[in-house]
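Student: Provided below: final35.csv, containing CSV, C-alpha atoms.
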```
chain,number,residue,atom,x,y,z
A,1,MET,CA,139.4,97.7,78.8
A,2,LEU,CA,136.5,96.1,80.8
A,3,THR,CA,137.5,98.0,83.9
A,4,MET,CA,137.6,101.3,82.1
A,5,ARG,CA,134.2,100.5,80.5
A,6,ARG,CA,132.7,99.6,83.8
A,7,ILE,CA,133.9,102.9,85.3
A,8,LEU,CA,132.3,104.8,82.4
A,9,VAL,CA,129.0,103.0,82.8
A,10,VAL,CA,128.8,103.6,86.5
A,11,THR,CA,129.9,107.2,86.1
A,12,GLY,CA,127.2,107.7,83.5
A,13,ALA,CA,124.6,106.2,85.8
A,14,LEU,CA,125.6,108.5,88.7
A,15,LEU,CA,125.4,111.6,86.5
A,16,SER,CA,122.0,110.6,85.2
A,17,LEU,CA,120.7,110.1,88.7
A,18,LEU,CA,122.1,113.4,89.9
A,19,VAL,CA,120.3,115.4,87.3
A,20,THR,CA,117.0,113.5,87.7
A,21,GLN,CA,114.3,114.9,89.9
A,22,PRO,CA,112.2,112.2,91.6
A,23,ALA,CA,108.4,112.5,91.2
A,24,ALA,CA,106.2,113.2,94.1
A,25,ILE,CA,105.3,110.4,96.5
A,26,ALA,CA,102.3,108.5,95.3
A,27,ASP,CA,99.2,108.5,97.6
A,28,PRO,CA,98.3,104.8,98.2
A,29,GLY,CA,94.7,105.7,98.5
A,30,PRO,CA,92.1,106.5,101.2
A,31,GLY,CA,92.3,104.2,104.3
A,32,THR,CA,95.7,102.8,103.5
A,33,GLU,CA,98.5,103.3,106.0
A,34,CYS,CA,101.9,101.6,105.7
A,35,PRO,CA,104.3,101.7,108.8
A,36,PRO,CA,107.9,103.0,108.2
A,37,LEU,CA,110.1,100.4,106.5
A,38,VAL,CA,107.2,98.4,105.3
A,39,PHE,CA,106.9,98.5,101.6
A,40,ASP,CA,103.7,96.7,100.8
A,41,CYS,CA,102.3,100.0,99.4
A,42,ASP,CA,105.4,100.9,97.4
A,43,VAL,CA,104.6,99.5,94.0
A,44,ARG,CA,101.6,99.7,91.8
A,45,SER,CA,101.2,97.9,88.5
A,46,GLY,CA,98.3,98.5,86.2
A,47,GLY,CA,97.2,98.7,82.6
A,48,THR,CA,96.7,96.1,79.9
A,49,LYS,CA,99.5,96.9,77.4
A,50,PRO,CA,103.3,96.8,77.6
A,51,PRO,CA,104.7,100.1,79.1
A,52,LYS,CA,105.9,102.8,76.8
A,53,PRO,CA,109.6,103.5,77.3
A,54,GLU,CA,110.1,106.7,79.2
A,55,LYS,CA,113.1,108.6,80.6
A,56,LEU,CA,114.3,107.6,84.0
A,57,GLY,CA,112.4,109.5,86.7
A,58,GLY,CA,109.7,110.8,84.3
A,59,GLY,CA,106.0,109.9,84.4
A,60,GLY,CA,105.4,106.4,83.1
A,61,GLY,CA,102.7,105.8,80.5
A,62,GLY,CA,101.3,103.1,78.3
A,63,GLY,CA,99.6,103.4,74.9
A,64,GLY,CA,95.8,103.8,74.8
A,65,GLY,CA,95.6,105.5,78.2
A,66,SER,CA,97.0,102.6,80.3
A,67,SER,CA,100.0,103.0,82.5
A,68,VAL,CA,102.4,100.8,84.5
A,69,ASN,CA,104.3,102.7,87.1
A,70,CYS,CA,106.5,101.6,90.0
A,71,MET,CA,107.6,103.1,93.3
A,72,ALA,CA,111.3,103.4,94.0
A,73,ARG,CA,112.9,103.7,97.5
A,74,ASP,CA,115.5,106.2,98.4
A,75,GLY,CA,118.2,105.9,100.9
A,76,SER,CA,116.1,107.4,103.7
A,77,GLY,CA,113.2,105.1,103.4
A,78,GLY,CA,111.0,107.5,101.3
A,79,THR,CA,109.4,106.5,98.0
A,80,PHE,CA,108.8,108.2,94.6
A,81,GLU,CA,107.2,107.1,91.4
A,82,VAL,CA,109.2,105.9,88.4
A,83,PRO,CA,108.2,104.2,85.1
A,84,CYS,CA,108.5,100.4,85.2
A,85,TYR,CA,110.6,100.6,82.0
A,86,ASP,CA,113.3,103.0,80.9
A,87,LYS,CA,114.9,102.7,77.5
A,88,GLU,CA,118.3,103.6,78.8
A,89,SER,CA,118.3,101.8,82.2
A,90,GLY,CA,116.1,98.7,81.5
A,91,TRP,CA,113.3,97.1,83.6
A,92,PHE,CA,112.5,98.1,87.1
A,93,ASP,CA,112.7,95.5,89.9
A,94,ALA,CA,110.6,96.4,93.0
A,95,SER,CA,112.5,94.0,95.3
A,96,SER,CA,115.9,95.7,94.8
A,97,SER,CA,114.4,99.1,93.8
A,98,CYS,CA,116.8,99.1,90.8
A,99,TYR,CA,116.6,99.1,87.0
A,100,TRP,CA,118.4,96.1,85.3
A,101,GLN,CA,119.8,96.1,81.8
A,102,LEU,CA,121.4,93.0,80.2
A,103,LEU,CA,125.0,93.7,79.4
A,104,GLU,CA,125.8,93.4,75.7
A,105,PRO,CA,128.3,91.9,75.1
A,106,GLN,CA,128.6,89.8,78.3
A,107,PRO,CA,131.9,90.0,80.3
A,108,PRO,CA,134.6,87.5,79.4
A,109,ALA,CA,134.8,84.3,81.4
A,110,GLU,CA,137.7,85.5,83.6
A,111,ASP,CA,135.8,88.5,84.9
A,112,PRO,CA,135.1,88.1,88.7
A,113,VAL,CA,131.5,89.2,88.2
A,114,TRP,CA,130.7,85.6,87.2
A,115,VAL,CA,131.6,84.6,90.7
A,116,GLY,CA,133.1,81.3,89.6
A,117,ARG,CA,130.4,80.5,87.0
A,118,SER,CA,130.8,80.2,83.2
A,119,PRO,CA,129.3,82.5,80.6
A,120,GLY,CA,126.0,81.0,79.6
A,121,ASP,CA,125.2,80.0,83.2
A,122,GLY,CA,122.8,82.8,83.8
A,123,ALA,CA,123.8,86.3,82.7
A,124,VAL,CA,125.3,89.6,83.9
A,125,TYR,CA,123.1,92.7,84.2
A,126,ASN,CA,123.9,96.4,84.9
A,127,GLY,CA,121.8,97.9,87.7
A,128,GLN,CA,120.9,101.6,88.2
A,129,CYS,CA,119.0,102.4,91.4
A,130,PRO,CA,117.2,105.8,91.4
A,131,GLY,CA,117.4,107.4,94.8
A,132,GLN,CA,120.3,105.1,95.8
A,133,PRO,CA,123.2,106.1,93.5
A,134,LEU,CA,125.8,103.9,95.3
A,135,ALA,CA,123.7,100.8,94.7
A,136,GLY,CA,123.4,98.9,91.5
A,137,GLY,CA,126.4,98.0,89.3
A,138,PHE,CA,127.2,94.8,87.5
A,139,ARG,CA,125.5,91.7,88.9
A,140,TRP,CA,125.1,88.0,87.9
A,141,PHE,CA,121.6,86.5,87.8
A,142,GLN,CA,120.7,82.9,87.2
A,143,SER,CA,117.3,84.0,85.9
A,144,PRO,CA,116.3,87.5,84.7
A,145,PRO,CA,115.5,89.9,87.5
A,146,PRO,CA,111.8,90.2,88.5
A,147,GLY,CA,109.9,92.3,85.9
A,148,PHE,CA,112.7,92.0,83.3
A,149,GLY,CA,111.6,91.8,79.6
A,150,GLY,CA,108.1,93.3,79.8
A,151,GLY,CA,106.2,90.8,81.9
A,152,PRO,CA,104.6,92.2,85.0
A,153,ASN,CA,106.5,92.2,88.3
A,154,LEU,CA,104.7,89.5,90.3
A,155,GLU,CA,106.0,90.8,93.6
A,156,ALA,CA,104.7,94.2,92.8
A,157,LEU,CA,101.3,92.7,91.9
A,158,ALA,CA,101.3,90.8,95.2
A,159,GLN,CA,102.0,94.1,97.0
A,160,GLU,CA,99.2,95.8,95.2
A,161,ALA,CA,96.8,93.0,96.2
A,162,VAL,CA,97.8,93.5,99.8
A,163,THR,CA,97.1,97.2,99.5
A,164,LYS,CA,93.6,96.3,98.2
A,165,MET,CA,92.9,94.3,101.3
A,166,ARG,CA,93.0,97.4,103.5
A,167,LEU,CA,94.5,95.4,106.4
A,168,LEU,CA,94.2,97.0,109.8
A,169,GLY,CA,95.6,96.7,113.2
A,170,ALA,CA,93.6,95.0,116.0
A,171,ASP,CA,90.1,96.2,116.8
A,172,ILE,CA,91.0,96.5,120.4
A,173,GLY,CA,88.7,95.1,123.1
A,174,ILE,CA,89.9,95.6,126.6
A,175,ALA,CA,88.8,95.1,130.2
A,176,PRO,CA,88.6,97.4,132.1
A,177,ARG,CA,86.4,98.8,129.4
A,178,LEU,CA,87.5,101.9,127.4
A,179,GLY,CA,86.5,105.0,129.2
A,180,GLY,CA,86.3,103.2,132.5
A,181,THR,CA,88.8,102.8,135.3
A,182,GLY,CA,90.5,99.6,136.4
A,183,THR,CA,92.0,98.8,139.7
A,184,VAL,CA,95.7,98.3,140.7
A,185,GLY,CA,96.5,94.6,140.8
A,186,VAL,CA,93.3,93.5,138.9
A,187,PRO,CA,93.9,91.5,135.7
A,188,VAL,CA,93.7,93.3,132.3
A,189,TRP,CA,92.2,91.4,129.4
A,190,VAL,CA,92.6,92.3,125.7
A,191,TRP,CA,91.3,90.8,122.5
A,192,ASN,CA,91.0,91.6,118.8
A,193,GLY,CA,87.5,92.0,117.4
A,194,PRO,CA,87.1,89.7,114.5
A,195,SER,CA,86.7,90.9,110.9
A,196,PRO,CA,88.5,90.2,107.6
A,197,GLN,CA,90.6,93.3,108.0
A,198,THR,CA,91.6,92.7,111.6
A,199,THR,CA,91.8,89.0,112.1
A,200,GLY,CA,91.6,87.6,108.6
A,201,PRO,CA,91.9,85.6,106.5
A,202,THR,CA,91.2,87.9,103.6
A,203,SER,CA,92.2,87.8,100.0
A,204,ALA,CA,92.5,90.1,97.0
A,205,SER,CA,93.9,90.0,93.5
A,206,ALA,CA,95.8,92.4,91.2
A,207,THR,CA,96.2,92.1,87.4
A,208,ALA,CA,98.6,93.6,84.9
A,209,LEU,CA,99.6,92.7,81.4
A,210,GLY,CA,97.2,89.7,81.4
A,211,VAL,CA,98.6,88.1,84.6
A,212,THR,CA,96.7,87.9,87.8
A,213,VAL,CA,98.2,87.4,91.3
A,214,THR,CA,96.0,86.5,94.2
A,215,ALA,CA,97.2,87.1,97.8
A,216,THR,CA,95.8,85.8,101.0
A,217,ALA,CA,96.6,87.4,104.4
A,218,THR,CA,96.3,85.7,107.8
A,219,VAL,CA,97.2,87.1,111.2
A,220,GLN,CA,100.5,85.6,112.3
A,221,ASP,CA,100.8,87.3,115.6
A,222,VAL,CA,99.6,90.3,117.7
A,223,VAL,CA,102.0,91.8,120.2
A,224,TRP,CA,100.3,93.7,122.9
A,225,ASN,CA,102.4,96.4,124.7
A,226,PHE,CA,100.7,97.6,127.9
A,227,GLY,CA,102.7,100.8,128.3
A,228,ASN,CA,104.4,99.7,131.6
A,229,GLY,CA,107.3,97.8,130.1
A,230,THR,CA,105.2,94.6,129.7
A,231,SER,CA,104.3,93.0,126.4
A,232,VAL,CA,102.5,89.8,125.5
A,233,SER,CA,102.5,88.0,122.1
A,234,CYS,CA,99.2,86.3,121.2
A,235,PRO,CA,99.0,84.4,117.9
A,236,PHE,CA,95.2,84.3,118.3
A,237,PRO,CA,92.4,86.9,118.7
A,238,GLY,CA,92.0,86.4,122.4
A,239,THR,CA,88.9,85.9,124.5
A,240,PRO,CA,86.5,88.8,125.5
A,241,TYR,CA,86.3,89.2,129.2
A,242,SER,CA,83.3,87.7,130.9
A,243,PRO,CA,82.2,88.4,134.6
A,244,SER,CA,82.3,84.7,135.1
A,245,PHE,CA,86.1,84.9,134.9
A,246,GLY,CA,86.2,87.0,138.1
A,247,LEU,CA,89.8,88.0,139.1
A,248,THR,CA,91.4,85.1,137.3
A,249,PRO,CA,94.3,86.3,135.1
A,250,PRO,CA,94.1,85.5,131.4
A,251,SER,CA,95.8,82.3,130.3
A,252,ARG,CA,97.5,82.0,126.9
A,253,ALA,CA,97.1,78.3,127.1
A,254,SER,CA,93.3,78.8,127.0
A,255,GLY,CA,93.4,81.3,124.1
A,256,GLN,CA,93.2,84.3,126.4
A,257,CYS,CA,95.4,87.4,126.3
A,258,GLY,CA,96.3,90.0,128.8
A,259,ILE,CA,98.3,90.6,132.0
A,260,ALA,CA,97.9,90.0,135.7
A,261,GLY,CA,97.4,93.7,136.3
A,262,TYR,CA,99.2,97.1,136.9
A,263,SER,CA,101.1,97.9,140.0
A,264,ARG,CA,100.6,101.6,139.9
A,265,VAL,CA,97.8,104.0,139.3
A,266,GLY,CA,97.9,106.0,136.0
A,267,GLU,CA,96.8,106.1,132.4
A,268,TYR,CA,98.6,103.7,130.2
A,269,PRO,CA,98.7,103.4,126.3
A,270,VAL,CA,98.0,99.9,125.1
A,271,THR,CA,99.4,99.3,121.6
A,272,ALA,CA,98.6,96.2,119.5
A,273,THR,CA,101.0,95.4,116.6
A,274,THR,CA,99.6,92.9,114.2
A,275,THR,CA,101.9,90.9,111.9
A,276,TRP,CA,100.1,89.7,108.8
A,277,ALA,CA,101.5,86.7,106.9
A,278,VAL,CA,100.7,86.9,103.2
A,279,HIS,CA,101.0,84.1,100.6
A,280,TRP,CA,100.6,84.9,97.0
A,281,ALA,CA,100.4,82.9,93.8
A,282,GLY,CA,100.1,83.7,90.1
A,283,GLY,CA,101.9,83.8,86.8
A,284,GLY,CA,103.4,80.4,87.5
A,285,GLN,CA,105.1,81.6,90.7
A,286,GLN,CA,104.3,81.9,94.4
A,287,GLY,CA,105.8,83.6,97.4
A,288,ASP,CA,105.4,84.9,100.9
A,289,LEU,CA,105.7,88.3,102.6
A,290,THR,CA,104.8,89.9,105.9
A,291,THR,CA,103.5,93.3,106.8
A,292,THR,CA,102.5,95.0,110.1
A,293,ARG,CA,99.7,97.2,111.3
A,294,SER,CA,99.2,98.9,114.7
A,295,SER,CA,96.4,100.3,116.7
A,296,GLN,CA,96.2,101.9,120.2
A,297,ALA,CA,93.9,102.5,123.1
A,298,ALA,CA,94.3,103.8,126.6
A,299,VAL,CA,93.5,102.2,130.0
A,300,ARG,CA,93.0,104.1,133.3
A,301,ILE,CA,94.0,102.5,136.5
A,302,GLY,CA,93.1,103.7,140.0
A,303,GLU,CA,93.2,102.4,143.6
A,304,LEU,CA,90.4,100.4,145.3
A,305,GLN,CA,88.3,102.9,147.3
A,306,VAL,CA,86.9,101.6,150.6
A,307,VAL,CA,83.7,103.4,151.7
A,308,GLY,CA,82.8,103.5,155.4
A,309,GLN,CA,84.4,101.7,158.3
```
Output the file's structure in the form of structure tokens.
Tutor:
Amino acid sequence: MLTMRRILVVTGALLSLLVTQPAAIADPGPGTECPPLVFDCDVRSGGTKPPKPEKLGGGGGGGGGSSVNCMARDGSGGTFEVPCYDKESGWFDASSSCYWQLLEPQPPAEDPVWVGRSPGDGAVYNGQCPGQPLAGGFRWFQSPPPGFGGGPNLEALAQEAVTKMRLLGADIGIAPRLGGTGTVGVPVWVWNGPSPQTTGPTSASATALGVTVTATATVQDVVWNFGNGTSVSCPFPGTPYSPSFGLTPPSRASGQCGIAGYSRVGEYPVTATTTWAVHWAGGGQQGDLTTTRSSQAAVRIGELQVVGQ
């Protein structure tokens, strides 16, 4: 009987997902860019009242003009907005991009879904994942999934706090200077101009349903790709070039970043990819996440010109 019941539940979930039209992708706001497969802009939590139950895939809403909406991921990496609570599917969890509903009654002790545990040791939930109809299903959890039961999704709040920080890629400084021309074989220096949004640290908070999560971001690493197959990883901003350095190549051991030079003339794209490490705390929990931002400049390299004999 349990097997047949499970088939009916999953089939019902698939049908409901097939007839549901996802909402349009939410705009994370001016100045915010999230690279592909980075989901720090995927979820927004807001409002001061528990969310009003809504149909799966419809617009979320809370009483008194407040709203708590979440962003779901589809199988291709896109996102669309869903209510954080659905009366038929349960509570939305941003980390799995699924709704979770407590099974009533719970499966019997011999059901393999307990994975060797006894009923009462955690609980079994049924998951429905909008945009990913083959995901979800019955799953055991030691504690309720994030966001279950009406409390705010703390991971979602942490992600919202990251969005508020407006983190950027490196503010690229480079020698030879932008717009100028370097010389084949002469060292190239790069550095990241300091600011809260480019080098950190910087912090922001997000609040929902009376709970505040504060996140602090610091730069973990900047990978500089010089467009000639060479890349350098620098876990520090780097040192701006000074004429006193002469033709000495930059030294990572001294907090400097760059390469010994280019071997051919041409114009090369220089890309800096910053990895931000974020620690968040609030609601009695804490956690860590990472996100990346990129920026780009170009450097022109020519040959040394000898004038006269």
Student: Given the choices A:Cys257, A:Ala94, A:Val219, A:Ala281, which gets closest to Phe148 of chain A if the distance is worked out from all atoms listed in the file?
Tutor: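 Smallest separation from Phe148 of chain A among the options: A:Ala94.
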Student: Go through A:Thr199, A:Asn225, A:Ser118, A:Thr214 one by one, measure the shortest atom-to-atom distance of each to Leu154 of chain A using only C-alpha atoms, and give the residue with the smallest value.
Tutor: A:Thr214
Student: If we draw a sphere of 12 Å around (87.8, 100.5, 136.2), which residues have at least one atom in it when counting only C-alpha atoms? Please report them as a compact mmCIF listing (two decimals) with C-alpha atoms, in the coordinates of the input.
Tutor:
```
# COMPACT_ATOMS: atom_id res chain seq x y z
CA ILE A 174 89.90 95.60 126.60
CA ALA A 175 88.80 95.10 130.20
CA PRO A 176 88.60 97.40 132.10
CA ARG A 177 86.40 98.80 129.40
CA LEU A 178 87.50 101.90 127.40
CA GLY A 179 86.50 105.00 129.20
CA GLY A 180 86.30 103.20 132.50
CA THR A 181 88.80 102.80 135.30
CA GLY A 182 90.50 99.60 136.40
CA THR A 183 92.00 98.80 139.70
CA VAL A 184 95.70 98.30 140.70
CA GLY A 185 96.50 94.60 140.80
CA VAL A 186 93.30 93.50 138.90
CA PRO A 187 93.90 91.50 135.70
CA VAL A 188 93.70 93.30 132.30
CA GLY A 261 97.40 93.70 136.30
CA TYR A 262 99.20 97.10 136.90
CA VAL A 265 97.80 104.00 139.30
CA GLY A 266 97.90 106.00 136.00
CA GLU A 267 96.80 106.10 132.40
CA VAL A 299 93.50 102.20 130.00
CA ARG A 300 93.00 104.10 133.30
CA ILE A 301 94.00 102.50 136.50
CA GLY A 302 93.10 103.70 140.00
CA GLU A 303 93.20 102.40 143.60
CA LEU A 304 90.40 100.40 145.30
CA GLN A 305 88.30 102.90 147.30
```
Student: Using only C-alpha atoms, can you tell me which of A:Met71, A:Cys84, A:Val190, A:Ala206 comes closest to Pro250 of chain A?
Tutor: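 So, comparing all the options, the nearest one is A:Val190.
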Student: Need the shell around Arg73 of chain A: protein/DNA/RNA residues with any atom at most 7 Å away, counting all atoms listed in the file. Skip same-chain ones fewer than 4 positions apart. Format as a PDB file with C-alpha atoms, keeping the file's coordinate frame?
Tutor:
```pdb
ATOM      1  CA  GLY A  77     113.200 105.100 103.400  1.00  0.00           C
ATOM      2  CA  GLY A  78     111.000 107.500 101.300  1.00  0.00           C
ATOM      3  CA  THR A  79     109.400 106.500  98.000  1.00  0.00           C
ATOM      4  CA  PHE A  80     108.800 108.200  94.600  1.00  0.00           C
ATOM      5  CA  SER A  97     114.400  99.100  93.800  1.00  0.00           C
ATOM      6  CA  GLY A 131     117.400 107.400  94.800  1.00  0.00           C
TER       7      GLY A 131
END
```
Student: Give me, as a list of chain:residue names, all polymer residues having an atom no more than 7 Å from Gln296 of chain A, counting only C-alpha atoms and skipping those fewer than 6 positions away in the same chain.
Tutor: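 The filter keeps A:Pro269, A:Val270, A:Thr271, A:Ala272.
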Student: Just checking: using all atoms listed in the file, which residue out of A:Pro235, A:Pro119, A:Gly137, A:Pro112 ends up closest to Tyr99 of chain A?
Tutor: A:Gly137
Student: Could you pull the residues within 7 Å of Cys98 of chain A, counting only C-alpha atoms, minus those fewer than 2 positions along the same chain, as a compact mmCIF listing (two decimals) with C-alpha atoms, in the coordinates of the input?
Tutor:
```txt
# COMPACT_ATOMS: atom_id res chain seq x y z
CA PHE A 92 112.50 98.10 87.10
CA ASP A 93 112.70 95.50 89.90
CA SER A 96 115.90 95.70 94.80
CA TRP A 100 118.40 96.10 85.30
CA GLY A 127 121.80 97.90 87.70
CA GLN A 128 120.90 101.60 88.20
CA CYS A 129 119.00 102.40 91.40
CA PRO A 130 117.20 105.80 91.40
CA GLY A 136 123.40 98.90 91.50
```
Student: Enter the distance from atom CA of Thr273 of chain A to atom CA of Gly75 of chain A, in Å, rounded to one decimal.
Tutor: 25.5 Å
Student: Between atom CA of Lys87 of chain A and atom CA of Ala156 of chain A, what is the distance, to one decimal in Å?
Tutor: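 These atoms are spaced 20.3 Å apart.
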Student: Enclose all atoms of segment 246-262 of chain A listed in the file in an axis-aligned box, grow every side by 4 Å, and hand back centre and edge lengths in Å to one decimal, as JSON.
Tutor:
```
{"center_x": 92.7, "center_y": 87.7, "center_z": 131.6, "size_x": 21.0, "size_y": 26.8, "size_z": 23.0}
```
Student: Between atom CA of Arg166 of chain A and atom CA of Val82 of chain A, what is the spacing in Å?
Tutor: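 Going from atom CA of Val82 of chain A over to atom CA of Arg166 of chain A, I get 23.7 Å.
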Student: Measuring between all atoms listed in the file, which one of A:Phe138, A:Tyr125, A:Tyr85, A:Trp276 shows the shortest distance to Gly200 of chain A?
Tutor: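 Of A:Phe138, A:Tyr125, A:Tyr85, A:Trp276, the one nearest Gly200 of chain A, counting all atoms listed in the file, is A:Trp276.
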Student: I'd like the neighbourhood of Ala161 of chain A as a list in words, where a residue qualifies if any of its atoms comes within 10 Å (using all atoms listed in the file), though same-chain residues fewer than 6 positions away should be ignored.
Tutor: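 Contacts, with the query itself left out: Asp40, Cys41, Arg44, Glu155, Ser203, Ala204, Ser205, Ala206, Thr207, Thr212, Val213, Thr214, Ala215, Thr216, Ala217 and Trp280 of chain A.
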Student: Store the residues picked out above in a file with C-alpha atoms, as a compact mmCIF listing (two decimals), keeping the file's coordinate frame.
Tutor:
```txt
# COMPACT_ATOMS: atom_id res chain seq x y z
CA ASP A 40 103.70 96.70 100.80
CA CYS A 41 102.30 100.00 99.40
CA ARG A 44 101.60 99.70 91.80
CA GLU A 155 106.00 90.80 93.60
CA SER A 203 92.20 87.80 100.00
CA ALA A 204 92.50 90.10 97.00
CA SER A 205 93.90 90.00 93.50
CA ALA A 206 95.80 92.40 91.20
CA THR A 207 96.20 92.10 87.40
CA THR A 212 96.70 87.90 87.80
CA VAL A 213 98.20 87.40 91.30
CA THR A 214 96.00 86.50 94.20
CA ALA A 215 97.20 87.10 97.80
CA THR A 216 95.80 85.80 101.00
CA ALA A 217 96.60 87.40 104.40
CA TRP A 280 100.60 84.90 97.00
```
Student: For a quick check of understanding, using all atoms listed in the file, which of A:Ala277, A:Ser76, A:Gly229, A:Gln142 has the smallest distance to Arg117 of chain A?
Tutor: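 Comparing A:Ala277, A:Ser76, A:Gly229, A:Gln142 against Arg117 of chain A, the winner is A:Gln142.
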Student: Please identify all polymer residues within 12 Å of Ala123 of chain A, counting all atoms listed in the file, omitting same-chain residues fewer than 6 positions from it, and present them as a PDB file with C-alpha atoms, in the coordinates of the input.
Tutor:
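New file around_28.pdb:
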```pdb
ATOM      1  CA  TRP A 100     118.400  96.100  85.300  1.00  0.00           C
ATOM      2  CA  GLN A 101     119.800  96.100  81.800  1.00  0.00           C
ATOM      3  CA  LEU A 102     121.400  93.000  80.200  1.00  0.00           C
ATOM      4  CA  LEU A 103     125.000  93.700  79.400  1.00  0.00           C
ATOM      5  CA  GLU A 104     125.800  93.400  75.700  1.00  0.00           C
ATOM      6  CA  PRO A 105     128.300  91.900  75.100  1.00  0.00           C
ATOM      7  CA  GLN A 106     128.600  89.800  78.300  1.00  0.00           C
ATOM      8  CA  PRO A 107     131.900  90.000  80.300  1.00  0.00           C
ATOM      9  CA  PRO A 108     134.600  87.500  79.400  1.00  0.00           C
ATOM     10  CA  ALA A 109     134.800  84.300  81.400  1.00  0.00           C
ATOM     11  CA  VAL A 113     131.500  89.200  88.200  1.00  0.00           C
ATOM     12  CA  TRP A 114     130.700  85.600  87.200  1.00  0.00           C
ATOM     13  CA  VAL A 115     131.600  84.600  90.700  1.00  0.00           C
ATOM     14  CA  ARG A 117     130.400  80.500  87.000  1.00  0.00           C
ATOM     15  CA  PHE A 138     127.200  94.800  87.500  1.00  0.00           C
ATOM     16  CA  ARG A 139     125.500  91.700  88.900  1.00  0.00           C
ATOM     17  CA  TRP A 140     125.100  88.000  87.900  1.00  0.00           C
ATOM     18  CA  PHE A 141     121.600  86.500  87.800  1.00  0.00           C
ATOM     19  CA  GLN A 142     120.700  82.900  87.200  1.00  0.00           C
ATOM     20  CA  SER A 143     117.300  84.000  85.900  1.00  0.00           C
ATOM     21  CA  PRO A 144     116.300  87.500  84.700  1.00  0.00           C
ATOM     22  CA  PRO A 145     115.500  89.900  87.500  1.00  0.00           C
TER      23      PRO A 145
END
```
